[in-house]
Amino acid sequence: MTVNTERTLFGIGNPLLDISAHVKPELLAKYNLKANDAILAGDEHKPLYDELVASYPVEYVAGGAAQNAMRGAQWLLPPNSTVYTGCVGKDAFGAQVREAAQKDGLRAEYLVDEQLPTGRCAVLITNTDRSMVTDLNAANAFKESHLKKPEVWALVEGAKYFYIEGYFLTVSPAAIQMIAEHGSATNKTVMINFSAPFIPQFFSKPLDDALPYVDIVFGNESEAEAYAQAHNWDTKDIKEIALKVAALPKQNSKPRRVVFTQGAHQTIVAYEGKVTEYPVIKIAKEAILDTNGAGDAFCGGFMSQLVLGKDIDTCVAAGHYVANVVIQRNGPTYPREAHQFQG
């Protein structure tokens, strides 16, 4: 049976320009950064961006977690399957982000802020680790009124699947609730990603407000542990945490599915009281160029098969496939050539 996928997958998040470079550990130490982490920039991090550009050969890549995932999903889907919204500035970086989305076939319905510059993310790569420091700028200026515009809300109503990045909880919980409540009430599929440990640690209230409407939760092992710690669950067992998140209260009768990746270790899927483990694709360490965007790529691959009506085994396999491709490239980029995934 052919599935109509036109604009079926709608994503929302913080569109950013990634400024990526392989750096010396001393740079991380200077700014008190962990080797494998994601944080919002404080005042003490503001000089980092100019120093990065001045001291290292950098690459500029259109990024933002949900946008990366949506581009990855579109790579495996028929044309015109995906749409995305967030806020960019009226500047060259914003134009670069829009161009990258269009090249990958993603329809971008950005809110354009006239005053603030487009958000940026310093991606500091050491070995196979990446430390991300995000200066949201215009991304932080998203207004739910943009979502309410008839031409944008029509895309929400036309979609059947929604993907929300956890980072967006710092920007517009109201917009997230609008989408989540609409999706739950109309029996569509609502998905959210924990995105980084600081989201469940410091934004647990808006996250917990959204979760009753969420059908699929994505995250990694460190984010799972952060969620458990924030909720005083006395466990670091990722399988147990996945089961507990899956069992949290829900607004509709659809069981929640929880998907936790663990880098090179098995991916865990919890559903209806059962955990299934999936081995990742083996890869030589020297073949890994950049793990930035690997989690987003996994979600993109997973969602591509979900909207095609495939089973969860196939969804996970596609997630592993797209992540495997991306970690062999610089930055969260996707090949121009057709994919080789056999679902």
# chains A, B, ... in the order shown; residues from 1 in each chain; ligands from 1
$ residues_around --residues "range 140-153 of chain A" --least-positions-apart "2" --cutoff "6 Å" --atoms "only C-alpha atoms" --output "list in words"
Cys87, Leu136, Asn137, Ala138, Leu155, Val156, Val171 and Ala175 of chain A
$ write_last_selection --atoms "N, CA, C and O atoms" --output "compact mmCIF listing (two decimals), in the first residue's frame"
# COMPACT_ATOMS: atom_id res chain seq x y z
N CYS A 87 12.79 30.15 14.37
CA CYS A 87 13.03 31.57 14.12
C CYS A 87 14.50 31.82 13.76
O CYS A 87 15.40 31.37 14.46
N LEU A 136 21.52 31.24 21.24
CA LEU A 136 20.25 31.14 20.52
C LEU A 136 19.93 32.37 19.66
O LEU A 136 19.37 32.23 18.56
N ASN A 137 20.23 33.55 20.14
CA ASN A 137 19.91 34.77 19.40
C ASN A 137 18.48 34.74 18.88
O ASN A 137 17.54 34.61 19.64
N ALA A 138 18.28 34.82 17.56
CA ALA A 138 16.93 34.90 16.99
C ALA A 138 16.09 33.67 17.31
O ALA A 138 14.86 33.78 17.44
N LEU A 155 -0.51 23.82 7.93
CA LEU A 155 0.50 22.76 7.81
C LEU A 155 0.48 21.85 9.03
O LEU A 155 0.69 20.64 8.92
N VAL A 156 0.23 22.43 10.21
CA VAL A 156 0.07 21.63 11.42
C VAL A 156 -1.12 20.70 11.28
O VAL A 156 -1.04 19.49 11.55
N VAL A 171 12.51 27.91 24.82
CA VAL A 171 12.08 29.03 23.98
C VAL A 171 10.59 29.27 24.06
O VAL A 171 10.13 30.36 24.40
N ALA A 175 4.09 27.10 22.43
CA ALA A 175 4.00 26.55 21.07
C ALA A 175 4.04 25.02 21.10
O ALA A 175 3.32 24.36 20.36
$ closest_atom_pairs --of "range 159-202 of chain A" --to "range 245-257 of chain A" --cutoff "8 Å" --atoms "only C-alpha atoms" --output "CSV"
residue,atom,partner,partner_atom,distance
A:Ser184,CA,A:Asn252,CA,6.6
A:Ala185,CA,A:Asn252,CA,7.7
A:Asn187,CA,A:Asn252,CA,8.0
$ select_by_dssp --residues "range 117-245 of chain A" --states "strand (DSSP E or B)" --output "ChimeraX atom specification"
/A:119-126,129-135,161-165,189-193,216-220
$ residues_around --residues "range 161-170 of chain A" --least-positions-apart "3" --cutoff "6 Å" --atoms "only C-alpha atoms" --output "list in words"
Leu9, Phe10, Gly11, Ile12, Gly13, Ala66, Pro173, Thr189, Val190, Met191, Ile192, Asn193, Phe194 and Ser195 of chain A
$ write_last_selection --atoms "N, CA and C atoms" --output "PDB file, in the first residue's frame"
ATOM      1  N   LEU A   9       5.158  15.123   8.034  1.00  0.00           N
ATOM      2  CA  LEU A   9       6.033  15.216   9.200  1.00  0.00           C
ATOM      3  C   LEU A   9       6.384  16.677   9.452  1.00  0.00           C
ATOM      4  N   PHE A  10       5.975  17.172  10.624  1.00  0.00           N
ATOM      5  CA  PHE A  10       6.143  18.587  10.978  1.00  0.00           C
ATOM      6  C   PHE A  10       7.103  18.682  12.160  1.00  0.00           C
ATOM      7  N   GLY A  11       8.150  19.478  12.016  1.00  0.00           N
ATOM      8  CA  GLY A  11       9.126  19.639  13.081  1.00  0.00           C
ATOM      9  C   GLY A  11       9.209  21.075  13.570  1.00  0.00           C
ATOM     10  N   ILE A  12       9.581  21.241  14.825  1.00  0.00           N
ATOM     11  CA  ILE A  12       9.734  22.578  15.396  1.00  0.00           C
ATOM     12  C   ILE A  12      10.957  22.582  16.309  1.00  0.00           C
ATOM     13  N   GLY A  13      11.716  23.694  16.250  1.00  0.00           N
ATOM     14  CA  GLY A  13      12.912  23.773  17.074  1.00  0.00           C
ATOM     15  C   GLY A  13      13.687  25.051  16.811  1.00  0.00           C
ATOM     16  N   ALA A  66      16.204  19.686  15.636  1.00  0.00           N
ATOM     17  CA  ALA A  66      15.023  19.212  14.902  1.00  0.00           C
ATOM     18  C   ALA A  66      15.212  19.378  13.400  1.00  0.00           C
ATOM     19  N   PRO A 173       7.462  26.983  25.398  1.00  0.00           N
ATOM     20  CA  PRO A 173       6.614  25.884  25.871  1.00  0.00           C
ATOM     21  C   PRO A 173       5.172  26.013  25.375  1.00  0.00           C
ATOM     22  N   THR A 189       0.609  11.386  15.843  1.00  0.00           N
ATOM     23  CA  THR A 189       1.774  10.920  16.593  1.00  0.00           C
ATOM     24  C   THR A 189       2.662  12.101  16.976  1.00  0.00           C
ATOM     25  N   VAL A 190       2.836  12.287  18.274  1.00  0.00           N
ATOM     26  CA  VAL A 190       3.658  13.379  18.803  1.00  0.00           C
ATOM     27  C   VAL A 190       4.952  12.790  19.368  1.00  0.00           C
ATOM     28  N   MET A 191       6.078  13.356  18.929  1.00  0.00           N
ATOM     29  CA  MET A 191       7.388  12.865  19.363  1.00  0.00           C
ATOM     30  C   MET A 191       8.197  14.015  19.943  1.00  0.00           C
ATOM     31  N   ILE A 192       8.994  13.715  20.965  1.00  0.00           N
ATOM     32  CA  ILE A 192       9.861  14.724  21.574  1.00  0.00           C
ATOM     33  C   ILE A 192      11.213  14.099  21.877  1.00  0.00           C
ATOM     34  N   ASN A 193      12.251  14.917  21.808  1.00  0.00           N
ATOM     35  CA  ASN A 193      13.594  14.467  22.129  1.00  0.00           C
ATOM     36  C   ASN A 193      14.073  15.206  23.368  1.00  0.00           C
ATOM     37  N   PHE A 194      14.643  14.495  24.327  1.00  0.00           N
ATOM     38  CA  PHE A 194      15.193  15.158  25.512  1.00  0.00           C
ATOM     39  C   PHE A 194      16.306  16.138  25.131  1.00  0.00           C
ATOM     40  N   SER A 195      17.054  15.836  24.078  1.00  0.00           N
ATOM     41  CA  SER A 195      18.048  16.714  23.438  1.00  0.00           C
ATOM     42  C   SER A 195      19.361  16.881  24.187  1.00  0.00           C
TER      43      SER A 195
END
$ residues_around --residues "range 270-279 of chain A" --least-positions-apart "6" --cutoff "6 Å" --atoms "only C-alpha atoms" --output "list in words"
Ala242, Leu243, Arg257 and Val258 of chain A
$ write_last_selection --atoms "all heavy atoms" --output "compact mmCIF listing (two decimals), in the first residue's frame"
# COMPACT_ATOMS: atom_id res chain seq x y z
N ALA A 242 13.84 3.82 30.91
CA ALA A 242 13.00 3.81 29.71
C ALA A 242 11.60 3.29 30.02
O ALA A 242 10.60 3.86 29.58
CB ALA A 242 13.66 2.95 28.63
N LEU A 243 11.54 2.23 30.80
CA LEU A 243 10.23 1.66 31.16
C LEU A 243 9.42 2.64 32.02
O LEU A 243 8.20 2.78 31.84
CB LEU A 243 10.42 0.34 31.92
CG LEU A 243 10.86 -0.86 31.07
CD1 LEU A 243 11.28 -2.02 31.97
CD2 LEU A 243 9.73 -1.30 30.12
N ARG A 257 6.01 5.02 23.60
CA ARG A 257 7.24 4.29 23.27
C ARG A 257 8.44 5.17 23.61
O ARG A 257 8.43 6.38 23.34
CB ARG A 257 7.26 3.94 21.77
CG ARG A 257 8.28 2.88 21.38
CD ARG A 257 8.24 2.60 19.89
NE ARG A 257 6.92 2.27 19.40
CZ ARG A 257 6.39 1.05 19.35
NH1 ARG A 257 7.10 0.02 19.79
NH2 ARG A 257 5.18 0.85 18.86
N VAL A 258 9.46 4.59 24.21
CA VAL A 258 10.66 5.33 24.57
C VAL A 258 11.86 4.70 23.87
O VAL A 258 12.06 3.48 23.92
CB VAL A 258 10.88 5.34 26.10
CG1 VAL A 258 12.20 6.03 26.46
CG2 VAL A 258 9.72 6.03 26.79
$ residues_around --residues "range 222-234 of chain A" --least-positions-apart "4" --cutoff "8 Å" --atoms "only C-alpha atoms" --output "list in words"
Phe194, Ser195, Ala196, Pro197, Phe198, Pro200, Gln201, Ser204, Ile238, Ile241, Ala242 and Phe260 of chain A
$ select_by_dssp --residues "range 16-64 of chain A" --states "alpha helix (DSSP H)" --output "list in words"
Pro25, Glu26, Leu27, Leu28, Ala29, Lys30, Lys46, Pro47, Leu48, Tyr49, Asp50, Glu51, Leu52, Val53, Ala54 and Ser55 of chain A
$ write_last_selection --atoms "N, CA, C and O atoms" --output "PDB file, in the first residue's frame"
ATOM      1  N   PRO A  25      42.170  20.256  23.406  1.00  0.00           N
ATOM      2  CA  PRO A  25      41.466  20.180  24.696  1.00  0.00           C
ATOM      3  C   PRO A  25      41.622  21.447  25.532  1.00  0.00           C
ATOM      4  O   PRO A  25      40.765  21.749  26.366  1.00  0.00           O
ATOM      5  N   GLU A  26      42.692  22.180  25.301  1.00  0.00           N
ATOM      6  CA  GLU A  26      42.916  23.409  26.066  1.00  0.00           C
ATOM      7  C   GLU A  26      41.785  24.419  25.866  1.00  0.00           C
ATOM      8  O   GLU A  26      41.469  25.203  26.774  1.00  0.00           O
ATOM      9  N   LEU A  27      41.177  24.416  24.672  1.00  0.00           N
ATOM     10  CA  LEU A  27      40.080  25.355  24.421  1.00  0.00           C
ATOM     11  C   LEU A  27      38.877  25.004  25.297  1.00  0.00           C
ATOM     12  O   LEU A  27      38.213  25.895  25.841  1.00  0.00           O
ATOM     13  N   LEU A  28      38.618  23.716  25.457  1.00  0.00           N
ATOM     14  CA  LEU A  28      37.521  23.289  26.331  1.00  0.00           C
ATOM     15  C   LEU A  28      37.809  23.697  27.772  1.00  0.00           C
ATOM     16  O   LEU A  28      36.926  24.209  28.475  1.00  0.00           O
ATOM     17  N   ALA A  29      39.045  23.474  28.187  1.00  0.00           N
ATOM     18  CA  ALA A  29      39.415  23.811  29.561  1.00  0.00           C
ATOM     19  C   ALA A  29      39.282  25.310  29.816  1.00  0.00           C
ATOM     20  O   ALA A  29      38.818  25.734  30.882  1.00  0.00           O
ATOM     21  N   LYS A  30      39.653  26.115  28.832  1.00  0.00           N
ATOM     22  CA  LYS A  30      39.597  27.568  28.981  1.00  0.00           C
ATOM     23  C   LYS A  30      38.188  28.059  29.282  1.00  0.00           C
ATOM     24  O   LYS A  30      37.978  28.978  30.074  1.00  0.00           O
ATOM     25  N   LYS A  46      30.765  34.074  25.347  1.00  0.00           N
ATOM     26  CA  LYS A  46      30.588  34.937  24.172  1.00  0.00           C
ATOM     27  C   LYS A  46      31.867  35.084  23.349  1.00  0.00           C
ATOM     28  O   LYS A  46      31.810  35.092  22.112  1.00  0.00           O
ATOM     29  N   PRO A  47      33.065  35.198  23.991  1.00  0.00           N
ATOM     30  CA  PRO A  47      34.281  35.330  23.168  1.00  0.00           C
ATOM     31  C   PRO A  47      34.668  34.059  22.411  1.00  0.00           C
ATOM     32  O   PRO A  47      35.518  34.094  21.515  1.00  0.00           O
ATOM     33  N   LEU A  48      34.056  32.935  22.772  1.00  0.00           N
ATOM     34  CA  LEU A  48      34.437  31.652  22.189  1.00  0.00           C
ATOM     35  C   LEU A  48      34.288  31.645  20.673  1.00  0.00           C
ATOM     36  O   LEU A  48      35.147  31.114  19.956  1.00  0.00           O
ATOM     37  N   TYR A  49      33.216  32.222  20.174  1.00  0.00           N
ATOM     38  CA  TYR A  49      32.906  32.121  18.741  1.00  0.00           C
ATOM     39  C   TYR A  49      33.968  32.799  17.887  1.00  0.00           C
ATOM     40  O   TYR A  49      34.463  32.217  16.905  1.00  0.00           O
ATOM     41  N   ASP A  50      34.354  34.009  18.264  1.00  0.00           N
ATOM     42  CA  ASP A  50      35.400  34.710  17.513  1.00  0.00           C
ATOM     43  C   ASP A  50      36.740  34.004  17.650  1.00  0.00           C
ATOM     44  O   ASP A  50      37.510  33.908  16.682  1.00  0.00           O
ATOM     45  N   GLU A  51      37.035  33.501  18.848  1.00  0.00           N
ATOM     46  CA  GLU A  51      38.291  32.783  19.054  1.00  0.00           C
ATOM     47  C   GLU A  51      38.341  31.513  18.211  1.00  0.00           C
ATOM     48  O   GLU A  51      39.387  31.172  17.625  1.00  0.00           O
ATOM     49  N   LEU A  52      37.211  30.807  18.125  1.00  0.00           N
ATOM     50  CA  LEU A  52      37.139  29.585  17.328  1.00  0.00           C
ATOM     51  C   LEU A  52      37.450  29.877  15.861  1.00  0.00           C
ATOM     52  O   LEU A  52      38.260  29.183  15.230  1.00  0.00           O
ATOM     53  N   VAL A  53      36.828  30.917  15.326  1.00  0.00           N
ATOM     54  CA  VAL A  53      37.019  31.274  13.921  1.00  0.00           C
ATOM     55  C   VAL A  53      38.448  31.756  13.673  1.00  0.00           C
ATOM     56  O   VAL A  53      39.053  31.464  12.636  1.00  0.00           O
ATOM     57  N   ALA A  54      39.000  32.495  14.635  1.00  0.00           N
ATOM     58  CA  ALA A  54      40.345  33.052  14.463  1.00  0.00           C
ATOM     59  C   ALA A  54      41.445  32.005  14.602  1.00  0.00           C
ATOM     60  O   ALA A  54      42.494  32.115  13.957  1.00  0.00           O
ATOM     61  N   SER A  55      41.210  30.985  15.431  1.00  0.00           N
ATOM     62  CA  SER A  55      42.290  30.068  15.798  1.00  0.00           C
ATOM     63  C   SER A  55      42.248  28.714  15.096  1.00  0.00           C
ATOM     64  O   SER A  55      43.238  27.973  15.120  1.00  0.00           O
TER      65      SER A  55
END
$ closest_residue --among "A:Leu76, A:Ala264, A:Cys299, A:Val88" --to "Glu337 in chain A" --atoms "only C-alpha atoms"
A:Leu76
$ closest_residue --among "A:Gly86, A:Gly219, A:Gly293, A:Gly263" --to "Asn330 in chain A" --atoms "only C-alpha atoms"
A:Gly293
$ closest_residue --among "A:Gly94, A:Gly105, A:Pro15, A:Gly331" --to "Leu77 in chain A" --atoms "only C-alpha atoms"
A:Gly105
$ closest_residue --among "A:Arg336, A:Ile268, A:Asn324, A:Leu106" --to "Ile312 in chain A" --atoms "only C-alpha atoms"
A:Ile268
$ closest_residue --among "A:Leu124, A:Ala210, A:Val133, A:Leu16" --to "Glu44 in chain A" --atoms "only C-alpha atoms"
A:Val133
$ residues_around --residues "Val123 in chain A" --least-positions-apart "4" --cutoff "6 Å" --atoms "only C-alpha atoms" --output "number ranges by chain"
A: 19-20, 131-132
$ write_last_selection --atoms "N, CA and C atoms" --output "CSV table (one decimal), in the first residue's frame"
chain,number,residue,atom,x,y,z
A,19,ILE,N,29.1,26.3,13.8
A,19,ILE,CA,30.5,26.6,13.5
A,19,ILE,C,31.3,25.5,14.1
A,20,SER,N,31.8,24.7,13.3
A,20,SER,CA,32.4,23.4,13.7
A,20,SER,C,33.9,23.4,13.5
A,131,SER,N,31.5,18.9,21.9
A,131,SER,CA,31.0,19.8,22.9
A,131,SER,C,30.3,21.0,22.1
A,132,MET,N,29.0,21.2,22.4
A,132,MET,CA,28.2,22.2,21.7
A,132,MET,C,27.8,23.3,22.6
